[in-house]
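To start, the structure under review is shown below, and the notes come after it.
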Amino acid sequence: MPQICFRQKDGSRQTVEAKTGQTLMQEALHHGIVGIIGECGGSCMCATCHIYLEDPERFGLGSISEMEETMLELEGEDVTPDSRLACQIEITPELEGLTVTVAHPTQDT
């Protein structure tokens with residue numbers, strides 16, 4: 001199981017062992033990561049699992065889909081080129097050591 005680090009905007013970190021085949025959102029919810037809500041259940045219909053990827057090219061995460069990009073555009077000003085939705089990233093062994101920053105520092109979005 002790859003280890004994924006979830007970082008909060010205040011710098012605190014929580015590293016979890018993530019199950020392959022799950023999404024980053026599912027694993028964040030399973031491990032109680034603050035700021036990841038997954039309101040739509042992972043169907044790419046909200047942005048309550050908005051994260052910022054660190055070094056996405058290194059992990060071969062590929063391009064963002066048009067649907068994901070649209071949802072992030074609705075998110076507004078906090079979107080950066082490193083923004084993604086955690087529900088759209090499947091855990092693979094190649095994600096070992098991935099660090100993501102949670103966009104929303106609390107459960108309130």
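Letters A, B, ... go to the chains of the structure tokens in the order shown; residues in each chain start at 1; ligands are counted from 1 in the same order.
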
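Around Gly21 of chain A, within 10 Å and counting only C-alpha atoms, the residues found are A:Ala18, A:Lys19, A:Thr23, A:Leu24, A:Gln26, A:Ile89, A:Glu90, A:Ile91, A:Thr92, A:Pro93, once anything fewer than 2 positions away on its own chain is removed.
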
- Residue neighbourhood Ser65 of chain A, 10 Å, only C-alpha atoms, exclusion window fewer than 4 positions, as a list in words: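 Near neighbours after the sequence-gap exclusion: Glu69, Thr70, Arg84 and Gln88 of chain A.
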
Go ahead and save the residues from that selection, with C-alpha atoms, as a short mmCIF file (atom, residue, chain, number, x, y, z; two decimals), in the first residue's frame.
```
data_model
loop_
_atom_site.label_atom_id
_atom_site.label_comp_id
_atom_site.auth_asym_id
_atom_site.auth_seq_id
_atom_site.Cartn_x
_atom_site.Cartn_y
_atom_site.Cartn_z
CA GLU A 69 -11.74 21.26 -14.84
CA THR A 70 -15.31 22.60 -15.01
CA ARG A 84 -7.30 18.57 -8.71
CA GLN A 88 -10.61 11.71 -9.72
#
```

- Task: Can you pull out every residue within 12 Å of Met67 of chain A, counting only C-alpha atoms, but drop anything in the same chain fewer than 2 positions away, and send it as a PyMOL selection string?
- Result: chain A and resi 43-47+63-65+69-74+84-85+88

Could you write out that same residue set with all heavy atoms as a short mmCIF file (atom, residue, chain, number, x, y, z; two decimals), in the first residue's frame?
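That gives us again.cif:
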```cif
data_model
loop_
_atom_site.label_atom_id
_atom_site.label_comp_id
_atom_site.auth_asym_id
_atom_site.auth_seq_id
_atom_site.Cartn_x
_atom_site.Cartn_y
_atom_site.Cartn_z
N SER A 43 -18.44 11.53 -7.51
CA SER A 43 -18.95 11.54 -8.88
C SER A 43 -18.55 12.79 -9.66
O SER A 43 -19.12 13.07 -10.71
CB SER A 43 -20.48 11.38 -8.88
OG SER A 43 -21.08 12.44 -8.17
N CYS A 44 -17.60 13.55 -9.16
CA CYS A 44 -17.09 14.74 -9.83
C CYS A 44 -18.18 15.78 -10.04
O CYS A 44 -18.27 16.42 -11.09
CB CYS A 44 -16.42 14.37 -11.17
SG CYS A 44 -15.33 15.65 -11.84
N MET A 45 -19.04 15.94 -9.03
CA MET A 45 -20.15 16.89 -9.13
C MET A 45 -20.07 18.00 -8.08
O MET A 45 -21.02 18.75 -7.91
CB MET A 45 -21.48 16.15 -8.99
CG MET A 45 -21.74 15.15 -10.11
SD MET A 45 -21.71 15.86 -11.76
CE MET A 45 -23.16 16.88 -11.71
N CYS A 46 -18.96 18.06 -7.36
CA CYS A 46 -18.75 19.14 -6.39
C CYS A 46 -17.24 19.35 -6.32
O CYS A 46 -16.50 18.72 -7.05
CB CYS A 46 -19.34 18.78 -5.02
SG CYS A 46 -18.45 17.49 -4.10
N ALA A 47 -16.81 20.20 -5.46
CA ALA A 47 -15.36 20.41 -5.31
C ALA A 47 -14.97 20.31 -3.84
O ALA A 47 -14.02 20.94 -3.41
CB ALA A 47 -14.96 21.75 -5.90
N SER A 63 -3.30 14.43 -17.33
CA SER A 63 -4.07 15.66 -17.50
C SER A 63 -5.40 15.58 -16.78
O SER A 63 -5.96 14.52 -16.57
CB SER A 63 -4.32 15.90 -18.99
OG SER A 63 -3.12 16.03 -19.67
N ILE A 64 -5.90 16.75 -16.49
CA ILE A 64 -7.20 16.89 -15.85
C ILE A 64 -8.30 16.70 -16.91
O ILE A 64 -8.14 17.13 -18.06
CB ILE A 64 -7.29 18.27 -15.18
CG1 ILE A 64 -8.52 18.40 -14.32
CG2 ILE A 64 -7.19 19.38 -16.19
CD1 ILE A 64 -8.51 19.64 -13.44
N SER A 65 -9.39 16.05 -16.54
CA SER A 65 -10.50 15.87 -17.48
C SER A 65 -11.28 17.17 -17.61
O SER A 65 -11.22 18.04 -16.74
CB SER A 65 -11.43 14.75 -17.02
OG SER A 65 -12.19 15.17 -15.90
N GLU A 69 -12.13 19.87 -14.65
CA GLU A 69 -11.74 21.26 -14.84
C GLU A 69 -12.94 22.19 -14.65
O GLU A 69 -12.83 23.24 -14.02
CB GLU A 69 -11.12 21.45 -16.22
CG GLU A 69 -10.54 22.82 -16.43
CD GLU A 69 -9.75 22.90 -17.73
OE1 GLU A 69 -9.88 22.03 -18.60
OE2 GLU A 69 -9.01 23.88 -17.85
N THR A 70 -14.09 21.80 -15.16
CA THR A 70 -15.31 22.60 -15.01
C THR A 70 -15.69 22.74 -13.53
O THR A 70 -16.02 23.83 -13.07
CB THR A 70 -16.48 21.97 -15.80
OG1 THR A 70 -16.13 21.95 -17.18
CG2 THR A 70 -17.77 22.74 -15.59
N MET A 71 -15.62 21.64 -12.80
CA MET A 71 -15.96 21.70 -11.37
C MET A 71 -14.99 22.61 -10.63
O MET A 71 -15.39 23.39 -9.76
CB MET A 71 -15.96 20.30 -10.75
CG MET A 71 -17.10 19.41 -11.18
SD MET A 71 -18.76 20.17 -11.14
CE MET A 71 -18.87 20.81 -9.50
N LEU A 72 -13.72 22.53 -10.97
CA LEU A 72 -12.74 23.39 -10.31
C LEU A 72 -12.94 24.85 -10.67
O LEU A 72 -12.76 25.73 -9.82
CB LEU A 72 -11.32 22.94 -10.66
CG LEU A 72 -10.87 21.67 -9.93
CD1 LEU A 72 -9.60 21.12 -10.54
CD2 LEU A 72 -10.69 21.94 -8.44
N GLU A 73 -13.34 25.13 -11.90
CA GLU A 73 -13.63 26.52 -12.29
C GLU A 73 -14.75 27.09 -11.44
O GLU A 73 -14.72 28.27 -11.09
CB GLU A 73 -13.99 26.59 -13.77
CG GLU A 73 -12.81 26.42 -14.69
CD GLU A 73 -13.20 26.32 -16.16
OE1 GLU A 73 -14.41 26.41 -16.49
OE2 GLU A 73 -12.29 26.15 -16.98
N LEU A 74 -15.73 26.28 -11.10
CA LEU A 74 -16.82 26.72 -10.23
C LEU A 74 -16.33 26.98 -8.81
O LEU A 74 -16.97 27.74 -8.08
CB LEU A 74 -17.95 25.69 -10.23
CG LEU A 74 -18.66 25.49 -11.56
CD1 LEU A 74 -19.65 24.33 -11.47
CD2 LEU A 74 -19.36 26.76 -12.01
N ARG A 84 -6.61 19.77 -8.20
CA ARG A 84 -7.30 18.57 -8.71
C ARG A 84 -8.41 18.22 -7.73
O ARG A 84 -8.46 18.73 -6.61
CB ARG A 84 -6.34 17.37 -8.82
CG ARG A 84 -5.27 17.48 -9.89
CD ARG A 84 -5.79 17.44 -11.31
NE ARG A 84 -6.52 16.23 -11.67
CZ ARG A 84 -5.99 15.14 -12.20
NH1 ARG A 84 -4.70 15.10 -12.47
NH2 ARG A 84 -6.75 14.10 -12.50
N LEU A 85 -9.27 17.33 -8.14
CA LEU A 85 -10.27 16.76 -7.25
C LEU A 85 -9.78 15.38 -6.83
O LEU A 85 -9.45 14.55 -7.67
CB LEU A 85 -11.63 16.66 -7.95
CG LEU A 85 -12.26 17.98 -8.39
CD1 LEU A 85 -13.59 17.72 -9.09
CD2 LEU A 85 -12.43 18.93 -7.21
N GLN A 88 -10.96 12.07 -8.34
CA GLN A 88 -10.61 11.71 -9.72
C GLN A 88 -9.21 11.10 -9.84
O GLN A 88 -8.75 10.82 -10.94
CB GLN A 88 -10.72 12.95 -10.62
CG GLN A 88 -12.12 13.51 -10.68
CD GLN A 88 -13.12 12.50 -11.19
OE1 GLN A 88 -13.03 12.04 -12.33
NE2 GLN A 88 -14.08 12.11 -10.34
#
```

- Task: Kindly give the distance, in Å, that separates atom CA of Glu77 of chain A and atom CA of Gln22 of chain A, rounded to a single decimal.
- Result: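 A separation of 28.6 Å between them.
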
Using DSSP on the backbone, list every residue of chain A that comes out as helix (DSSP H, G or I), and give them as an mmCIF file with N, CA and C atoms, in the first residue's frame.
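Dumped everything to selection37.cif:
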```
data_model
loop_
_atom_site.group_PDB
_atom_site.id
_atom_site.type_symbol
_atom_site.label_atom_id
_atom_site.label_comp_id
_atom_site.auth_asym_id
_atom_site.auth_seq_id
_atom_site.Cartn_x
_atom_site.Cartn_y
_atom_site.Cartn_z
ATOM 1 N N LEU A 24 -8.078 8.991 -3.989
ATOM 2 C CA LEU A 24 -7.531 9.811 -2.909
ATOM 3 C C LEU A 24 -8.642 10.279 -1.976
ATOM 4 N N MET A 25 -9.797 10.626 -2.534
ATOM 5 C CA MET A 25 -10.918 11.071 -1.705
ATOM 6 C C MET A 25 -11.390 9.957 -0.771
ATOM 7 N N GLN A 26 -11.565 8.759 -1.303
ATOM 8 C CA GLN A 26 -12.021 7.641 -0.479
ATOM 9 C C GLN A 26 -11.053 7.374 0.666
ATOM 10 N N GLU A 27 -9.782 7.397 0.363
ATOM 11 C CA GLU A 27 -8.782 7.142 1.405
ATOM 12 C C GLU A 27 -8.711 8.285 2.408
ATOM 13 N N ALA A 28 -8.877 9.524 1.945
ATOM 14 C CA ALA A 28 -8.898 10.666 2.862
ATOM 15 C C ALA A 28 -10.074 10.550 3.830
ATOM 16 N N LEU A 29 -11.238 10.187 3.313
ATOM 17 C CA LEU A 29 -12.408 10.008 4.176
ATOM 18 C C LEU A 29 -12.191 8.860 5.153
ATOM 19 N N HIS A 30 -11.648 7.761 4.659
ATOM 20 C CA HIS A 30 -11.393 6.590 5.508
ATOM 21 C C HIS A 30 -10.456 6.930 6.669
ATOM 22 N N PRO A 56 3.085 16.727 -9.700
ATOM 23 C CA PRO A 56 2.243 15.721 -10.363
ATOM 24 C C PRO A 56 2.928 14.977 -11.502
ATOM 25 N N GLU A 57 3.843 15.620 -12.210
ATOM 26 C CA GLU A 57 4.525 14.949 -13.324
ATOM 27 C C GLU A 57 5.347 13.764 -12.830
ATOM 28 N N ARG A 58 5.943 13.905 -11.669
ATOM 29 C CA ARG A 58 6.769 12.832 -11.097
ATOM 30 C C ARG A 58 5.951 11.558 -10.881
ATOM 31 N N PHE A 59 4.673 11.728 -10.593
ATOM 32 C CA PHE A 59 3.827 10.588 -10.282
ATOM 33 C C PHE A 59 2.969 10.151 -11.456
ATOM 34 N N GLU A 66 -12.051 17.270 -18.686
ATOM 35 C CA GLU A 66 -12.862 18.471 -18.911
ATOM 36 C C GLU A 66 -13.892 18.651 -17.793
ATOM 37 N N MET A 67 -14.503 17.556 -17.356
ATOM 38 C CA MET A 67 -15.504 17.631 -16.291
ATOM 39 C C MET A 67 -14.873 18.112 -14.977
ATOM 40 N N GLU A 68 -13.713 17.569 -14.649
ATOM 41 C CA GLU A 68 -13.020 17.968 -13.428
ATOM 42 C C GLU A 68 -12.623 19.443 -13.505
ATOM 43 N N GLU A 69 -12.134 19.866 -14.651
ATOM 44 C CA GLU A 69 -11.742 21.255 -14.837
ATOM 45 C C GLU A 69 -12.945 22.187 -14.655
ATOM 46 N N THR A 70 -14.093 21.799 -15.161
ATOM 47 C CA THR A 70 -15.310 22.600 -15.011
ATOM 48 C C THR A 70 -15.687 22.739 -13.533
ATOM 49 N N MET A 71 -15.622 21.645 -12.798
ATOM 50 C CA MET A 71 -15.960 21.700 -11.367
ATOM 51 C C MET A 71 -14.986 22.612 -10.629
ATOM 52 N N LEU A 72 -13.725 22.528 -10.968
ATOM 53 C CA LEU A 72 -12.736 23.388 -10.307
ATOM 54 C C LEU A 72 -12.944 24.855 -10.670
ATOM 55 N N GLU A 73 -13.344 25.129 -11.898
ATOM 56 C CA GLU A 73 -13.627 26.516 -12.293
ATOM 57 C C GLU A 73 -14.749 27.092 -11.443
ATOM 58 N N LEU A 74 -15.727 26.278 -11.096
ATOM 59 C CA LEU A 74 -16.817 26.721 -10.234
ATOM 60 C C LEU A 74 -16.333 26.984 -8.810
ATOM 61 N N GLU A 75 -15.240 26.348 -8.431
ATOM 62 C CA GLU A 75 -14.662 26.523 -7.091
ATOM 63 C C GLU A 75 -14.207 27.961 -6.889
ATOM 64 N N ALA A 86 -9.724 15.157 -5.530
ATOM 65 C CA ALA A 86 -9.198 13.891 -5.007
ATOM 66 C C ALA A 86 -10.023 12.695 -5.459
ATOM 67 N N CYS A 87 -11.288 12.917 -5.795
ATOM 68 C CA CYS A 87 -12.143 11.808 -6.242
ATOM 69 C C CYS A 87 -11.767 11.313 -7.630
ATOM 70 N N GLN A 88 -10.955 12.067 -8.345
ATOM 71 C CA GLN A 88 -10.606 11.713 -9.721
ATOM 72 C C GLN A 88 -9.208 11.099 -9.840
ATOM 73 N N PRO A 93 0.301 1.912 -7.074
ATOM 74 C CA PRO A 93 1.586 1.799 -6.380
ATOM 75 C C PRO A 93 2.552 2.934 -6.735
ATOM 76 N N GLU A 94 2.413 3.500 -7.927
ATOM 77 C CA GLU A 94 3.302 4.582 -8.370
ATOM 78 C C GLU A 94 3.106 5.869 -7.575
ATOM 79 N N LEU A 95 2.029 5.965 -6.792
ATOM 80 C CA LEU A 95 1.788 7.171 -5.997
ATOM 81 C C LEU A 95 2.510 7.157 -4.654
#
```

- Message: Please compute the atom CA of Asp78 of chain A-atom CA of Leu61 of chain A distance, one decimal, in Å.
- Response: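 Straight-line distance from atom CA of Asp78 of chain A to atom CA of Leu61 of chain A works out to 20.6 Å.
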
- Message: I'd like the neighbourhood of Ile4 of chain A as number ranges by chain, where a residue qualifies if any of its atoms comes within 8 Å (using only C-alpha atoms), though same-chain residues fewer than 2 positions away should be ignored.
- Response: A: 2, 6, 15-18, 95-100

- Task: Write out as a PyMOL selection string all residues of chain A that backbone DSSP assigns to strand (DSSP E).
- Result: chain A and resi 3-7+13-17+50-53+83-85+99-102

- Item | Top pick for closest residue to Thr80 of chain A, considering A:Ile51, A:Gly62, A:Gly42, A:Met1 and counting only C-alpha atoms |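 Closest candidate: A:Ile51.
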
- Query: Of the candidates A:Leu53, A:Ile37, A:Val102, A:Val79, which shows the shortest atom-to-atom distance to Gln14 of chain A, using only C-alpha atoms?
  - Reply: A:Val102
